[in-house]
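Enquirer: I'd like to ask you about the structure that follows.
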Amino acid sequence: MLKNAIAKSMSRSPWIYHVNTGSCNGCDIELVAVLTPRYDAERFGFKLSGTPRHADIVVISGPVTTQSKDRLVRTLAQVPEPKVVVTLGSCPQSGNVFKGSYSVEAPVEKFVHVDVAIAGCTPKPEAVIAGLYKAAEILQKKREAMTK
Amino acid sequence: MDITGALYILFKILIFPGLLFAVVIGLFLAGLDRKLLARMQKRVGPPLRQPLFDFLKLLGKETIVPHAANKTVYLAAPVVGFTALIVLALFIPVFGYSTFSGNGDLIVILYLLTIPAVALIVGGSSSGSPYAGIGISREMVTMMSYELPLVVVLLTVARKVGGSALCFSLGDIVSWQAENGCLAFHPAMIPALLAMLLVIPAEVGTQPFDVAEAETEICEGPLIEYSGAPLAVFKLNTAVKMFIMTALFANLFFGGIETGYVALDAVIMVAICALVTFFSMTLIHAVTARLKIEHLFKFYWTVVAGLAALSLILVWVGL
């Protein structure tokens, strides 16, 4: 019973940690907009945490510059299991307008497992909420798979 | 001791004024705080059960102990803090009904109240993170700030109830109020009541007095390296502390309104706790921004301690 309750509360209280890997700040502002009173992601239990140790969902924005690649991998290694990785915007998925640059490592799938990808430049707050909610459901499934 | 007596004491420790009651009411108050705050900001807000979800989720997460940490101290600190809070819950009566009572229980409460804060300091310092270092130094200053007004408020209550003999028994304070009316309605006690209302948020660590755990600034300070079950216990400590402080307030200033039925008393006390949570934590949180640590110190040692001292002087001259 406790196992079920824990798995269920996984999707009801996902804490977000946001990593900026050279983003233009557009997606970052949209992520913050999701947490403001207008969209109020806290009604689903979402909370922005300041440290990777408290995180359940890691949101990656930006095209992953060469400088930030190593930091991104190290940050993800510090997040306790179960964790879900979400990419925000088109940049981490494809490199977007920065594709082909000598200092850009996108797509991020090359070195990090991605669970949910929210596309758009920039994605609408509604799309961000939908993506994060999906990530919360994946978090619950991961927890259930861990205890099986 | 016979078996029923032992079972009754076990029931008291584990269920009614002890573990289960304190945890459930603490989580309820924490949820109420978040919900009311959201409503005041025109948000829908998280459900009332949100702190419970947070707690259960953290139980299911991996517990990481950093390389630099002292493992035993790091893992024991939250449990020590939680144990102290549960012992505290046994000392705080539901108006007339209490587990432990004696001549000096107010002094015991004062000492026990520092243990969760000390546990936070010890746990944070054992994690070896520089952010935690900043956090614990701020936590220590916060402790020094609110301790003085708290002691003066308790001294005021003791003088008012016991006269020159100073009554430090919470049970006697409650029964005195049953005869002479709630202390909240004595004019000389109003400044002390206000001071106590301002001590509660600093003790619990809610905005604007959460300098030690400033989330947006030093990433929850002492808690920065904690994850999984120990973090869950620390979060639970904050929730239980909310209940302990508001229940202490209810007993100190609204002690006289007991009905004689324990269940009804408990309901009345929870209602007072919820009201105090709203006025001392949610309302202040919604309308203020976080203070700097030196401003917090100054505020407590001038305004709040001044209010408490004013009340003490008024009581001492016989008002």
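Letters A, B, ... go to the chains of the structure tokens in the order shown; residues in each chain start at 1; ligands are counted from 1 in the same order.
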I'd like the contact shell of Glu30 (chain A) - 10 Å cut-off, only C-alpha atoms, skipping same-chain residues fewer than 5 positions apart - returned as a list of chain:residue names.
Expert: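 Once the adjacent positions are removed, what remains is A:Asn25, A:Leu35, A:Thr36, A:Leu88, A:Gly89, A:Thr122, A:Pro123, A:Lys124, A:Pro125, A:Glu126, A:Val128.
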Enquirer: For the selection just defined, write its residues with N, CA and C atoms to a file, as a PDB file, in the first residue's frame.
Expert:
```pdb
ATOM      1  N   ASN A  25      17.569  32.479 -23.591  1.00  0.00           N
ATOM      2  CA  ASN A  25      16.759  32.980 -22.480  1.00  0.00           C
ATOM      3  C   ASN A  25      15.277  33.010 -22.808  1.00  0.00           C
ATOM      4  N   LEU A  35       5.153  29.011 -14.106  1.00  0.00           N
ATOM      5  CA  LEU A  35       5.025  28.953 -12.645  1.00  0.00           C
ATOM      6  C   LEU A  35       4.367  30.199 -12.062  1.00  0.00           C
ATOM      7  N   THR A  36       4.085  31.199 -12.882  1.00  0.00           N
ATOM      8  CA  THR A  36       3.466  32.437 -12.388  1.00  0.00           C
ATOM      9  C   THR A  36       1.973  32.239 -12.168  1.00  0.00           C
ATOM     10  N   LEU A  88      13.605  21.519 -23.506  1.00  0.00           N
ATOM     11  CA  LEU A  88      12.679  22.634 -23.684  1.00  0.00           C
ATOM     12  C   LEU A  88      13.086  23.411 -24.931  1.00  0.00           C
ATOM     13  N   GLY A  89      12.183  23.483 -25.906  1.00  0.00           N
ATOM     14  CA  GLY A  89      12.463  24.238 -27.123  1.00  0.00           C
ATOM     15  C   GLY A  89      13.149  23.390 -28.181  1.00  0.00           C
ATOM     16  N   THR A 122       9.786  29.994 -29.260  1.00  0.00           N
ATOM     17  CA  THR A 122       9.775  29.157 -28.062  1.00  0.00           C
ATOM     18  C   THR A 122       8.445  28.428 -27.906  1.00  0.00           C
ATOM     19  N   PRO A 123       8.411  27.308 -27.145  1.00  0.00           N
ATOM     20  CA  PRO A 123       7.129  26.637 -26.910  1.00  0.00           C
ATOM     21  C   PRO A 123       6.180  27.531 -26.113  1.00  0.00           C
ATOM     22  N   LYS A 124       4.863  27.365 -26.391  1.00  0.00           N
ATOM     23  CA  LYS A 124       3.879  28.119 -25.614  1.00  0.00           C
ATOM     24  C   LYS A 124       3.822  27.571 -24.193  1.00  0.00           C
ATOM     25  N   PRO A 125       3.447  28.400 -23.218  1.00  0.00           N
ATOM     26  CA  PRO A 125       3.343  27.901 -21.840  1.00  0.00           C
ATOM     27  C   PRO A 125       2.412  26.697 -21.724  1.00  0.00           C
ATOM     28  N   GLU A 126       1.328  26.673 -22.540  1.00  0.00           N
ATOM     29  CA  GLU A 126       0.427  25.515 -22.506  1.00  0.00           C
ATOM     30  C   GLU A 126       1.176  24.250 -22.897  1.00  0.00           C
ATOM     31  N   VAL A 128       4.368  23.764 -22.607  1.00  0.00           N
ATOM     32  CA  VAL A 128       5.328  23.440 -21.544  1.00  0.00           C
ATOM     33  C   VAL A 128       4.622  22.676 -20.427  1.00  0.00           C
TER      34      VAL A 128
END
```
Enquirer: Compute the chain A side of the contact with chain B at 7 Å, counting only C-alpha atoms, and hand it back as a list in words.
Expert: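 In the required form, that comes to Ile6, Ser9, Met10, Arg12, Ser13, Pro37, Asp40, Glu42, Arg43, Phe44, Gly45, Gly50, Thr51, Arg53, His54, Pro80, Glu81 and Pro82 of chain A.
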Enquirer: Do you have the CA of Val152 (chain B)-CA of Pro17 (chain B) distance handy?
Expert: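 Spanning CA of Val152 (chain B) to CA of Pro17 (chain B) is a straight-line distance of 26.8 Å.
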